[in-house]
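Visitor: My structure file target-v3.csv, CSV, C-alpha atoms and all ligand atoms, is below:
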```csv
chain,number,residue,atom,x,y,z
Y,1,MET,CA,-9.3,23.0,-1.8
Y,2,ARG,CA,-7.9,24.1,-5.1
Y,3,LEU,CA,-5.7,21.8,-7.1
Y,4,ASP,CA,-3.7,22.9,-10.2
Y,5,TYR,CA,-1.7,20.6,-12.5
Y,6,LEU,CA,1.1,21.6,-14.8
Y,7,THR,CA,1.8,18.9,-17.4
Y,8,ILE,CA,2.7,18.5,-21.0
Y,9,PHE,CA,0.1,15.7,-21.2
Y,10,PRO,CA,-3.1,17.3,-19.9
Y,11,ASP,CA,-5.1,14.4,-21.4
Y,12,TYR,CA,-3.3,12.1,-19.0
Y,13,LEU,CA,-5.1,13.8,-16.1
Y,14,ALA,CA,-8.6,13.5,-17.6
Y,15,PRO,CA,-9.5,10.8,-15.1
Y,16,LEU,CA,-9.6,13.5,-12.5
Y,17,ARG,CA,-13.0,14.4,-13.9
Y,18,LEU,CA,-14.2,10.9,-13.3
Y,19,SER,CA,-14.3,8.8,-10.2
Y,20,LEU,CA,-13.8,10.3,-6.7
Y,21,PRO,CA,-12.2,13.7,-7.4
Y,22,GLY,CA,-14.9,14.2,-10.0
Y,23,LYS,CA,-17.6,13.8,-7.4
Y,24,ALA,CA,-15.9,16.2,-5.1
Y,25,VAL,CA,-15.8,18.8,-7.9
Y,26,GLU,CA,-19.5,18.4,-8.4
Y,27,SER,CA,-20.2,18.9,-4.7
Y,28,GLY,CA,-18.1,22.1,-4.7
Y,29,LEU,CA,-15.5,20.6,-2.3
Y,30,LEU,CA,-12.8,20.8,-5.0
Y,31,ASP,CA,-11.7,23.2,-7.6
Y,32,LEU,CA,-9.6,21.4,-10.2
Y,33,HIS,CA,-7.5,23.1,-13.0
Y,34,VAL,CA,-5.4,21.1,-15.5
Y,35,HIS,CA,-2.9,23.3,-17.4
Y,36,ASP,CA,-0.9,22.5,-20.5
Y,37,LEU,CA,2.6,23.6,-19.7
Y,38,ARG,CA,3.2,24.4,-23.3
Y,39,GLN,CA,0.9,27.5,-23.0
Y,40,TRP,CA,3.8,29.1,-21.2
Y,41,THR,CA,6.3,28.5,-23.9
Y,42,ARG,CA,7.2,31.3,-26.4
Y,43,ASP,CA,8.9,29.5,-29.3
Y,44,ARG,CA,7.2,28.1,-32.3
Y,45,HIS,CA,7.8,24.5,-31.3
Y,46,HIS,CA,6.5,25.0,-27.8
Y,47,THR,CA,9.7,23.5,-26.4
Y,48,THR,CA,9.7,22.4,-22.8
Y,49,ASP,CA,12.9,20.5,-22.6
Y,50,ASP,CA,16.6,20.8,-23.5
Y,51,THR,CA,19.9,18.9,-23.1
Y,52,PRO,CA,21.5,18.7,-19.7
Y,53,TYR,CA,24.5,20.9,-18.8
Y,54,GLY,CA,27.4,18.7,-18.0
Y,55,GLY,CA,26.2,16.1,-20.5
Y,56,GLY,CA,24.5,12.8,-20.0
Y,57,ALA,CA,21.5,11.0,-21.4
Y,58,GLY,CA,18.0,12.3,-21.6
Y,59,MET,CA,16.5,15.7,-21.6
Y,60,VAL,CA,15.8,18.2,-18.8
Y,61,MET,CA,12.7,20.3,-18.4
Y,62,LYS,CA,13.4,24.0,-19.0
Y,63,PRO,CA,12.9,26.5,-16.2
Y,64,GLU,CA,11.0,29.3,-18.1
Y,65,PRO,CA,7.6,27.6,-18.7
Y,66,PHE,CA,7.4,26.5,-15.1
Y,67,GLY,CA,8.5,30.0,-13.9
Y,68,GLU,CA,5.8,31.7,-15.9
Y,69,ALA,CA,3.2,29.2,-14.9
Y,70,PHE,CA,4.0,29.9,-11.2
Y,71,ASP,CA,3.9,33.7,-11.8
Y,72,GLU,CA,0.4,33.4,-13.3
Y,73,LEU,CA,-1.0,30.8,-10.9
Y,74,LEU,CA,0.6,31.9,-7.7
Y,75,GLY,CA,1.2,35.5,-8.6
Y,76,PRO,CA,3.0,37.8,-6.3
Y,77,VAL,CA,2.5,36.5,-2.8
Y,78,PRO,CA,0.2,38.9,-0.9
Y,79,GLU,CA,1.9,40.5,2.1
Y,80,GLU,CA,-0.4,38.9,4.7
Y,81,VAL,CA,0.2,35.5,3.2
Y,82,ALA,CA,3.9,36.0,3.1
Y,83,GLN,CA,3.7,36.7,6.9
Y,84,GLN,CA,1.9,33.4,7.5
Y,85,PRO,CA,3.8,30.5,6.1
Y,86,SER,CA,0.9,28.1,6.8
Y,87,ARG,CA,-1.2,30.0,4.3
Y,88,ARG,CA,1.2,29.6,1.5
Y,89,ALA,CA,0.3,27.3,-1.4
Y,90,THR,CA,2.0,23.9,-1.6
Y,91,VAL,CA,3.9,23.0,-4.8
Y,92,VAL,CA,4.2,19.2,-5.3
Y,93,PHE,CA,7.0,18.1,-7.6
Y,94,THR,CA,6.4,14.4,-8.6
Y,95,THR,CA,9.7,12.7,-8.9
Y,96,PRO,CA,11.2,9.3,-8.2
Y,97,SER,CA,13.9,11.1,-6.1
Y,98,GLY,CA,11.3,12.6,-3.8
Y,99,GLU,CA,10.1,11.6,-0.3
Y,100,PRO,CA,7.9,8.5,-0.4
Y,101,MET,CA,4.1,9.0,-0.6
Y,102,THR,CA,2.5,7.7,2.6
Y,103,GLN,CA,-0.9,7.9,4.3
Y,104,ARG,CA,0.7,10.3,6.8
Y,105,LEU,CA,1.7,12.6,3.9
Y,106,ALA,CA,-1.8,12.3,2.4
Y,107,GLU,CA,-3.3,13.4,5.8
Y,108,GLU,CA,-0.9,16.4,5.9
Y,109,LEU,CA,-1.7,17.5,2.3
Y,110,ALA,CA,-5.4,17.2,3.0
Y,111,THR,CA,-5.1,20.2,5.3
Y,112,ARG,CA,-3.8,22.5,2.5
Y,113,GLU,CA,-6.0,25.1,0.8
Y,114,ARG,CA,-4.0,25.1,-2.4
Y,115,ILE,CA,-1.8,22.6,-4.1
Y,116,VAL,CA,0.0,23.0,-7.5
Y,117,PHE,CA,1.3,19.7,-9.0
Y,118,ALA,CA,4.3,20.1,-11.2
Y,119,CYS,CA,4.6,16.9,-13.2
Y,120,GLY,CA,8.1,16.1,-14.2
Y,121,ARG,CA,9.0,14.2,-17.4
Y,122,TYR,CA,12.3,13.1,-18.9
Y,123,GLU,CA,15.3,13.3,-16.6
Y,124,GLY,CA,13.7,15.9,-14.3
Y,125,ILE,CA,13.1,19.6,-14.0
Y,126,ASP,CA,15.9,22.2,-13.9
Y,127,GLN,CA,16.8,22.5,-10.2
Y,128,ARG,CA,16.3,26.3,-10.2
Y,129,VAL,CA,12.6,25.8,-10.7
Y,130,ILE,CA,12.4,23.9,-7.4
Y,131,ASP,CA,14.7,26.4,-5.6
Y,132,HIS,CA,12.5,29.3,-6.9
Y,133,ALA,CA,9.3,27.6,-5.9
Y,134,ARG,CA,10.6,27.3,-2.3
Y,135,GLU,CA,10.7,31.1,-2.1
Y,136,ILE,CA,7.0,31.5,-3.0
Y,137,ALA,CA,5.4,28.3,-1.6
Y,138,GLU,CA,5.9,25.2,0.5
Y,139,VAL,CA,7.6,22.6,-1.7
Y,140,ARG,CA,7.2,18.9,-1.5
Y,141,GLU,CA,9.1,16.5,-3.8
Y,142,ILE,CA,7.1,13.3,-3.7
Y,143,SER,CA,7.7,9.8,-5.1
Y,144,LEU,CA,5.2,7.0,-5.4
Y,145,GLY,CA,7.8,4.3,-4.7
Y,146,ASP,CA,11.0,2.8,-5.7
Y,147,TYR,CA,10.5,2.3,-9.4
Y,148,VAL,CA,10.6,4.7,-12.3
Y,149,LEU,CA,7.6,5.9,-14.3
Y,150,ASN,CA,7.9,7.8,-17.5
Y,151,GLY,CA,6.4,10.9,-16.0
Y,152,GLY,CA,4.8,12.3,-12.8
Y,153,GLU,CA,1.2,12.5,-14.1
Y,154,VAL,CA,0.2,9.1,-12.7
Y,155,ALA,CA,1.8,10.0,-9.4
Y,156,ALA,CA,-0.1,13.3,-9.3
Y,157,LEU,CA,-3.3,11.3,-9.9
Y,158,ALA,CA,-2.5,8.9,-7.2
Y,159,ILE,CA,-1.6,11.6,-4.7
Y,160,THR,CA,-4.7,13.5,-5.5
Y,161,GLU,CA,-6.9,10.5,-4.9
Y,162,ALA,CA,-5.2,9.7,-1.6
Y,163,VAL,CA,-5.6,13.3,-0.5
Y,164,VAL,CA,-9.1,14.1,-1.7
Y,165,ARG,CA,-10.8,11.1,-0.1
Y,166,LEU,CA,-9.6,12.5,3.3
Y,167,LEU,CA,-11.3,15.8,2.9
Y,168,PRO,CA,-14.0,16.3,5.5
Y,169,GLY,CA,-17.4,15.6,3.9
Y,170,PHE,CA,-16.0,13.6,1.1
Y,171,MET,CA,-16.4,10.0,2.2
Y,172,GLY,CA,-19.8,8.9,3.5
Y,173,ASN,CA,-18.3,6.6,6.1
Y,174,ALA,CA,-15.6,8.0,8.3
Y,175,ALA,CA,-15.0,4.7,10.1
Y,176,SER,CA,-14.0,3.0,6.9
Y,177,ILE,CA,-11.1,5.4,6.7
Y,178,VAL,CA,-9.9,4.5,10.2
Y,179,GLU,CA,-10.2,0.8,9.6
Y,180,GLU,CA,-8.3,0.5,6.3
Y,181,SER,CA,-4.7,-0.3,5.7
Y,182,HIS,CA,-2.1,2.2,6.7
Y,183,SER,CA,-4.4,3.9,9.2
Y,184,GLU,CA,-3.5,4.5,12.8
Y,185,SER,CA,-2.9,0.8,13.8
Y,186,GLY,CA,0.1,0.8,11.5
Y,187,LEU,CA,-1.0,-2.6,10.2
Y,188,LEU,CA,-2.2,-3.8,6.8
Y,189,GLU,CA,-5.9,-4.5,6.6
Y,190,HIS,CA,-7.2,-8.0,7.3
Y,191,PRO,CA,-8.9,-10.0,4.4
Y,192,VAL,CA,-12.6,-9.3,3.9
Y,193,TYR,CA,-15.5,-11.4,2.7
Y,194,THR,CA,-19.0,-10.9,1.5
Y,195,LYS,CA,-21.9,-13.1,0.3
Y,196,PRO,CA,-22.3,-15.9,-0.8
Y,197,ARG,CA,-21.1,-18.0,2.2
Y,198,GLU,CA,-19.7,-20.5,-0.2
Y,199,TRP,CA,-18.2,-19.7,-3.6
Y,200,ARG,CA,-16.6,-22.2,-5.9
Y,201,GLY,CA,-16.0,-24.5,-3.0
Y,202,ARG,CA,-14.5,-21.8,-0.8
Y,203,GLU,CA,-16.1,-21.1,2.5
Y,204,VAL,CA,-16.1,-17.8,4.4
Y,205,PRO,CA,-14.0,-18.3,7.6
Y,206,GLU,CA,-16.3,-19.7,10.3
Y,207,VAL,CA,-15.4,-17.0,12.9
Y,208,LEU,CA,-16.9,-14.3,10.7
Y,209,LEU,CA,-20.3,-16.0,10.8
Y,210,SER,CA,-20.2,-16.6,14.6
Y,211,GLY,CA,-21.6,-13.2,15.6
Y,212,ASP,CA,-19.0,-13.2,18.4
Y,213,HIS,CA,-17.6,-9.7,18.1
Y,214,GLY,CA,-14.7,-10.4,20.4
Y,215,ARG,CA,-13.6,-13.4,18.4
Y,216,ILE,CA,-14.1,-11.5,15.2
Y,217,ALA,CA,-11.9,-8.6,16.3
Y,218,ALA,CA,-9.2,-11.0,17.5
Y,219,TRP,CA,-9.2,-12.9,14.3
Y,220,ARG,CA,-9.0,-9.7,12.2
Y,221,HIS,CA,-6.2,-8.4,14.3
Y,222,ASP,CA,-4.3,-11.6,14.0
Y,223,GLN,CA,-4.8,-11.6,10.2
Y,224,SER,CA,-3.6,-8.0,10.1
Y,225,VAL,CA,-0.4,-8.8,12.0
Y,226,ARG,CA,0.3,-11.9,9.9
Y,227,ARG,CA,-0.2,-10.1,6.7
Y,228,THR,CA,1.9,-7.2,7.8
Y,229,ALA,CA,4.7,-9.5,9.0
Y,230,GLU,CA,4.7,-11.3,5.7
Y,231,ARG,CA,4.4,-8.4,3.3
Y,232,ARG,CA,5.6,-5.4,5.2
Y,233,PRO,CA,7.8,-6.5,8.1
Y,234,ASP,CA,9.3,-2.9,8.0
Y,235,LEU,CA,5.9,-1.6,9.4
Y,236,LEU,CA,6.1,-3.7,12.6
Y,237,ALA,CA,7.9,-1.4,15.0
Y,238,PRO,CA,10.6,-3.3,16.9
Y,239,SER,CA,10.4,-3.2,20.7
Y,240,VAL,CA,13.6,-1.6,22.0
Y,241,LEU,CA,15.5,-3.2,24.9
Y,242,ASP,CA,17.4,-1.4,27.6
Y,243,ASP,CA,20.7,-2.0,25.9
Y,244,GLY,CA,19.5,-0.6,22.6
Y,245,GLY,CA,18.8,-4.1,21.2
Y,246,GLU,CA,15.5,-4.9,19.7
Y,247,ILE,CA,12.8,-7.5,19.9
Y,248,VAL,CA,11.8,-8.1,16.3
Y,249,ARG,CA,9.4,-10.4,14.4
Y,250,ALA,CA,11.0,-13.6,13.3
Y,251,VAL,CA,11.4,-14.2,9.6
Y,252,PRO,CA,11.5,-17.6,7.8
Y,253,ALA,CA,15.3,-17.2,7.5
Y,254,ASP,CA,15.6,-17.4,11.3
Y,255,ALA,CA,14.4,-21.0,11.4
Y,256,ALA,CA,17.8,-22.7,11.5
Y,257,GLU,CA,19.1,-20.6,14.3
Y,258,LEU,CA,15.9,-21.0,16.2
Y,259,LEU,CA,16.2,-24.7,15.9
Y,260,VAL,CA,19.7,-24.6,17.3
Y,261,LEU,CA,18.7,-22.3,20.2
Y,262,GLN,CA,15.7,-24.4,21.1
Y,263,ARG,CA,17.7,-27.6,21.2
Y,264,ALA,CA,20.2,-25.9,23.5
Y,265,CYS,CA,17.5,-24.5,25.8
Y,266,TRP,CA,15.4,-27.6,26.0
Y,267,ALA,CA,18.3,-29.9,26.6
Y,268,GLN,CA,18.6,-28.0,29.8
Y,269,GLU,CA,14.8,-28.6,30.4
Y,270,ALA,CA,15.2,-32.3,29.7
Y,271,LEU,CA,17.9,-32.6,32.4
Y,272,ALA,CA,15.9,-30.6,34.9
Y,273,ASN,CA,12.8,-32.6,34.3
Y,274,ASP,CA,14.5,-36.0,33.7
Y,275,SER,CA,12.5,-36.5,30.5
Y,276,LEU,CA,13.3,-36.5,26.8
Y,277,ALA,CA,9.6,-36.3,25.9
Y,278,ILE,CA,9.7,-32.7,25.0
Y,279,PRO,CA,8.5,-31.6,21.6
Y,280,ALA,CA,10.9,-28.7,21.3
Y,281,LEU,CA,13.8,-31.3,21.3
Y,282,HIS,CA,12.4,-33.4,18.6
Y,283,GLU,CA,11.4,-30.8,16.0
Y,284,SER,CA,13.0,-30.7,12.6
Y,285,TYR,CA,14.0,-27.7,10.7
Y,286,ASP,CA,10.8,-28.0,8.6
Y,287,ASP,CA,8.7,-28.2,11.8
Y,288,VAL,CA,10.3,-24.9,13.0
Y,289,ARG,CA,9.7,-23.2,9.6
Y,290,THR,CA,6.0,-24.3,9.6
Y,291,ALA,CA,5.6,-23.1,13.2
Y,292,LEU,CA,6.9,-19.7,12.1
Y,293,ALA,CA,3.9,-19.4,9.8
Y,294,GLU,CA,1.4,-20.4,12.5
Y,295,TRP,CA,2.6,-18.3,15.4
Y,296,ASP,CA,3.6,-14.7,16.0
Y,297,THR,CA,7.3,-15.3,16.8
Y,298,TYR,CA,9.7,-12.7,18.1
Y,299,VAL,CA,13.5,-12.9,18.3
Y,300,VAL,CA,16.4,-10.9,19.8
Y,301,ARG,CA,19.8,-10.7,18.2
Y,302,ARG,CA,23.0,-9.6,19.8
Y,303,ALA,CA,25.8,-8.7,17.4
Y,304,GLY,CA,24.0,-10.6,14.7
Y,305,ARG,CA,23.6,-13.8,16.8
Y,306,LEU,CA,20.0,-15.0,17.6
Y,307,VAL,CA,20.0,-15.2,21.4
Y,308,ALA,CA,16.3,-15.3,22.5
Y,309,ALA,CA,12.8,-15.9,21.2
Y,310,VAL,CA,9.2,-16.2,22.2
Y,311,ARG,CA,6.0,-16.8,20.4
Y,312,GLY,CA,2.2,-16.3,20.8
Y,313,ARG,CA,-1.0,-17.3,19.2
Y,314,LEU,CA,-4.7,-16.9,19.9
Y,315,ASP,CA,-6.7,-19.9,20.9
Y,316,GLY,CA,-10.3,-18.7,21.4
Y,317,THR,CA,-9.9,-15.8,23.9
Y,318,ALA,CA,-6.6,-17.2,25.3
Y,319,TRP,CA,-3.3,-15.9,24.2
Y,320,ASP,CA,-1.1,-19.0,24.1
Y,321,ILE,CA,2.6,-18.1,24.9
Y,322,GLY,CA,5.3,-20.6,24.1
Y,323,ARG,CA,8.9,-21.4,23.3
Y,324,MET,CA,10.3,-18.7,25.5
Y,325,MET,CA,14.1,-19.2,25.1
Y,326,VAL,CA,17.2,-17.4,26.1
Y,327,ALA,CA,20.7,-18.5,25.1
Y,328,PRO,CA,22.4,-20.2,28.1
Y,329,ASP,CA,25.1,-17.5,28.4
Y,330,LEU,CA,22.5,-14.7,28.7
Y,331,GLN,CA,20.1,-16.3,31.1
Y,332,GLY,CA,19.6,-14.3,34.2
Y,333,THR,CA,20.1,-10.9,32.4
Y,334,GLY,CA,16.5,-9.9,32.3
Y,335,LEU,CA,15.9,-10.9,28.6
Y,336,GLY,CA,13.3,-13.5,29.5
Y,337,ARG,CA,11.4,-11.0,31.5
Y,338,ARG,CA,11.4,-8.5,28.7
Y,339,LEU,CA,10.4,-11.1,26.1
Y,340,LEU,CA,7.5,-12.2,28.3
Y,341,ALA,CA,6.3,-8.6,28.7
Y,342,HIS,CA,6.6,-8.1,25.0
Y,343,ILE,CA,4.6,-11.2,24.0
Y,344,GLN,CA,1.8,-10.1,26.4
Y,345,ALA,CA,1.9,-6.6,24.9
Y,346,VAL,CA,1.3,-7.8,21.4
Y,347,ALA,CA,-1.6,-10.0,22.2
Y,348,PRO,CA,-4.6,-9.0,20.1
Y,349,ALA,CA,-7.7,-7.2,21.5
Y,350,GLY,CA,-9.7,-10.5,21.6
Y,351,ALA,CA,-7.3,-12.0,24.2
Y,352,SER,CA,-8.8,-12.1,27.7
Y,353,SER,CA,-6.1,-14.3,29.3
Y,354,TYR,CA,-2.5,-15.5,28.8
Y,355,VAL,CA,-1.7,-19.2,29.0
Y,356,LEU,CA,1.7,-20.9,29.0
Y,357,PHE,CA,3.2,-24.1,30.4
Y,358,THR,CA,6.6,-25.3,31.5
Y,359,GLY,CA,8.2,-28.3,33.1
Y,360,VAL,CA,6.9,-29.0,36.7
Y,361,ARG,CA,10.5,-29.0,37.8
Y,362,SER,CA,11.7,-26.0,35.8
Y,363,GLU,CA,12.0,-23.9,38.9
Y,364,ARG,CA,13.7,-20.9,37.3
Y,365,ASN,CA,11.0,-20.6,34.7
Y,366,ILE,CA,8.2,-20.9,37.2
Y,367,ARG,CA,9.7,-18.2,39.3
Y,368,LEU,CA,10.0,-15.9,36.3
Y,369,TYR,CA,6.4,-16.5,35.3
Y,370,LYS,CA,5.1,-16.0,38.9
Y,371,ARG,CA,6.9,-12.7,39.2
Y,372,ALA,CA,5.2,-11.6,36.0
Y,373,GLY,CA,1.8,-12.3,37.5
Y,374,PHE,CA,1.2,-15.9,36.2
Y,375,ARG,CA,-0.4,-18.4,38.6
Y,376,PRO,CA,0.1,-22.2,38.4
Y,377,ARG,CA,-3.1,-24.0,37.5
Y,378,VAL,CA,-2.7,-27.6,38.5
Y,379,GLU,CA,-6.3,-28.3,37.7
Y,380,LEU,CA,-5.8,-27.5,34.0
Y,381,PRO,CA,-4.7,-30.2,31.6
Y,382,ALA,CA,-1.0,-30.0,30.7
Y,383,PRO,CA,1.4,-32.2,28.7
Y,384,PRO,CA,3.0,-35.0,30.8
Y,385,GLY,CA,5.5,-33.5,33.3
Y,386,ALA,CA,4.4,-30.0,32.6
Y,387,ILE,CA,2.3,-27.4,34.5
Y,388,VAL,CA,0.0,-24.7,33.0
Y,389,LEU,CA,0.2,-21.1,34.3
Y,390,THR,CA,-2.3,-18.5,33.4
Y,391,LYS,CA,-2.8,-14.8,34.0
Y,392,PRO,CA,-6.0,-12.7,33.3
Y,393,ARG,CA,-5.5,-9.8,30.9
Y,394,ARG,CA,-6.3,-6.5,32.4
Y,395,GLY,CA,-8.1,-3.7,30.5
F,401,LIG,CL1,6.5,10.8,-8.8
F,401,LIG,N1,7.6,10.1,-11.0
F,401,LIG,C1,8.2,9.3,-11.8
F,401,LIG,N2,8.6,9.7,-13.0
F,401,LIG,N3,8.5,8.1,-11.5
F,401,LIG,C2,8.1,7.7,-10.3
F,401,LIG,C3,7.5,8.5,-9.4
F,401,LIG,C4,7.2,9.8,-9.8
F,401,LIG,N4,7.2,7.8,-8.3
F,401,LIG,C5,7.7,6.6,-8.5
F,401,LIG,N5,8.3,6.5,-9.7
```
Would you give me this structure, written as structure tokens?
Ligand code: 6GU
Guide:
Amino acid sequence: MRLDYLTIFPDYLAPLRLSLPGKAVESGLLDLHVHDLRQWTRDRHHTTDDTPYGGGAGMVMKPEPFGEAFDELLGPVPEEVAQQPSRRATVVFTTPSGEPMTQRLAEELATRERIVFACGRYEGIDQRVIDHAREIAEVREISLGDYVLNGGEVAALAITEAVVRLLPGFMGNAASIVEESHSESGLLEHPVYTKPREWRGREVPEVLLSGDHGRIAAWRHDQSVRRTAERRPDLLAPSVLDDGGEIVRAVPADAAELLVLQRACWAQEALANDSLAIPALHESYDDVRTALAEWDTYVVRRAGRLVAAVRGRLDGTAWDIGRMMVAPDLQGTGLGRRLLAHIQAVAPAGASSYVLFTGVRSERNIRLYKRAGFRPRVELPAPPGAIVLTKPRRG
């Protein structure tokens, strides 16, 4: 792969010679060329910017130096390359108004033979440079994220590092690429630990020392899901319902509505089972908030109103399912069945069975669970007046 950089601060890109890309250059995998854009200026002051047409603050990068740089670096496009768009070079313009840089984009760029980075400064580059580049190359305008840097050099460095480490033969350990954050699972990576076992009074989680690979995988998955839910809820794909509604992860701000819904639903249970000794009826707002941090909880909204929820959490190899609730006016519409399917589907790899309980006299619930493949287990311990149902996990 050949990479070129057009910048008015070539020193900014010196780190390319160090670290990972530097190693790839030594091994012949990469051919790196950093160019001072000013070499393609023709005036005494090596001017690369000018005031914007139409007025406004800041300066705009002039078209001519970029144009001449492209002429020299990309030349006239050979006929056979022009016939095959996939063989064209890629020009990356780093700009805060570009498409967001992602692992998917890094994977795509890693397949290119030739990338030219045009690093913008000031208020941007004359639009005609970008339009012209589209005629001779594939153009990608890429942003690192929703914040503004003084120039695109740092972005070009970051993009380079993300791309180069994906080149075949670059990383020693291919599995470490698959396991890391933003890889196929779509989840953030779980926390990691190394020796010593105890450091400044902090212990490594016991499960990691257990040697039980099933439990370790389950714990890691659980940690990944929690982390993702907390830091990047946008990454957790919602599950789409038949009516276009979605089952989404609960957020702390759902706590008050969850409390109201659970009181409504379990008042019904209290009447059916002739008992007020039901935890869901006695919980406070703070209890509900705390539980949100300890369980994977999902909710459904209709026209903004929270109408259903369910939660799950791993206990050894059992996926504990609880607090299945559907607003009274929507019971019998299939929402409960969908929620139950969803909470089973999101169980981590380490789960070998599903476990839940309900009131011994909650006939409707028991019917729903039986239809979903759960079996009553009278021999298993249950809270007073309740019955445990379990189902083995297939596959
Ligand atoms: Cl690519 N350039 C600049 N100037 N600012 C940015 C950026 C790029 N990505 C995020 N902020």
Visitor: CA of Pro376 (chain Y) to CA of Lys391 (chain Y): how many Å, to one decimal?
Guide: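 These two atoms are separated by 9.1 Å.
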Visitor: Please provide the set of residues having any atom within 10 Å of region 192-201 of chain Y, restricted to all atoms listed in the file, with same-chain residues fewer than 6 positions apart removed, written as a VMD selection string.
Guide: chain Y and resid 208 to 209 220
Visitor: How many Å separate CA of Ala382 (chain Y) from CA of Pro279 (chain Y)?
Guide: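 Rounded to one decimal, the two atoms are 13.3 Å apart.
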Visitor: Hey, which of Y:Glu141, Y:Glu269, Y:Glu161, Y:Asp212 ends up closest to Arg17 (chain Y)? Count only C-alpha atoms.
Guide: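 Closest residue, counting only C-alpha atoms: Y:Glu161.
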Visitor: To one decimal in Å, tell me the separation between CA of Glu283 (chain Y) and CA of Arg263 (chain Y).
Guide: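 Taking CA of Glu283 (chain Y) and CA of Arg263 (chain Y), their separation equals 8.8 Å.
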Visitor: 6 Å from ligand LIG 401 (chain F) is the threshold here; counting only C-alpha atoms and all ligand atoms, which polymer residues fall inside it? Answer as a PyMOL selection string.
Guide: chain Y and resi 94-96+142-152+155
Visitor: Which residue gives the smallest distance to Asp243 (chain Y) among Y:Gly56, Y:Pro191, Y:Ala303, Y:Met324, with only C-alpha atoms counted?
Guide: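 For Asp243 (chain Y), the nearest of the candidates is Y:Ala303.
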Visitor: Let me make sure I understand: among Y:Pro205, Y:Gly120, Y:Pro85, Y:Pro21, which one has the smallest atom-to-atom distance to Arg165 (chain Y) if we use only C-alpha atoms?
Guide: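 Closest residue, counting only C-alpha atoms: Y:Pro21.
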Visitor: Y:Ala82, Y:Met1, Y:Leu261, Y:Ala69: which is nearest Ala110 (chain Y), counting all atoms listed in the file?
Guide: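 Looking only at the distances to Ala110 (chain Y), the closest residue turns out to be Y:Met1.
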Visitor: Out of Y:Leu74, Y:Trp40, Y:Glu153, Y:Gln84, which residue has the shortest atom-to-atom distance to Leu13 (chain Y) when counting all atoms listed in the file?
Guide: Y:Glu153
Visitor: When you count all atoms listed in the file, which of these residues is closest to Ala24 (chain Y): Y:Gln103, Y:Thr47, Y:Thr160, Y:Ser97?
Guide: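 The answer is Y:Thr160, which sits nearest to Ala24 (chain Y).
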Visitor: Considering all atoms listed in the file, return as JSON, numbers by chain whatever protein or nucleic-acid residues lie within 10 Å of Ser86 (chain Y), sequence-local ones (same chain, fewer than 2 positions apart) excluded.
Guide: {"Y": [81, 82, 83, 84, 88, 89, 90, 112, 113, 137, 138]}
Visitor: If you count only C-alpha atoms, which residues fall within 9 Å of Gly58 (chain Y), apart from same-chain ones fewer than 5 positions away, as a PyMOL selection string?
Guide: chain Y and resi 50-52+122-123
Visitor: Counting all atoms listed in the file, find residues at most 12 Å from (-9.4, 14.8, -1.0) (file frame) and give them as a ChimeraX atom specification.
Guide: /Y:1-3,16,20-25,28-32,106-115,157-171
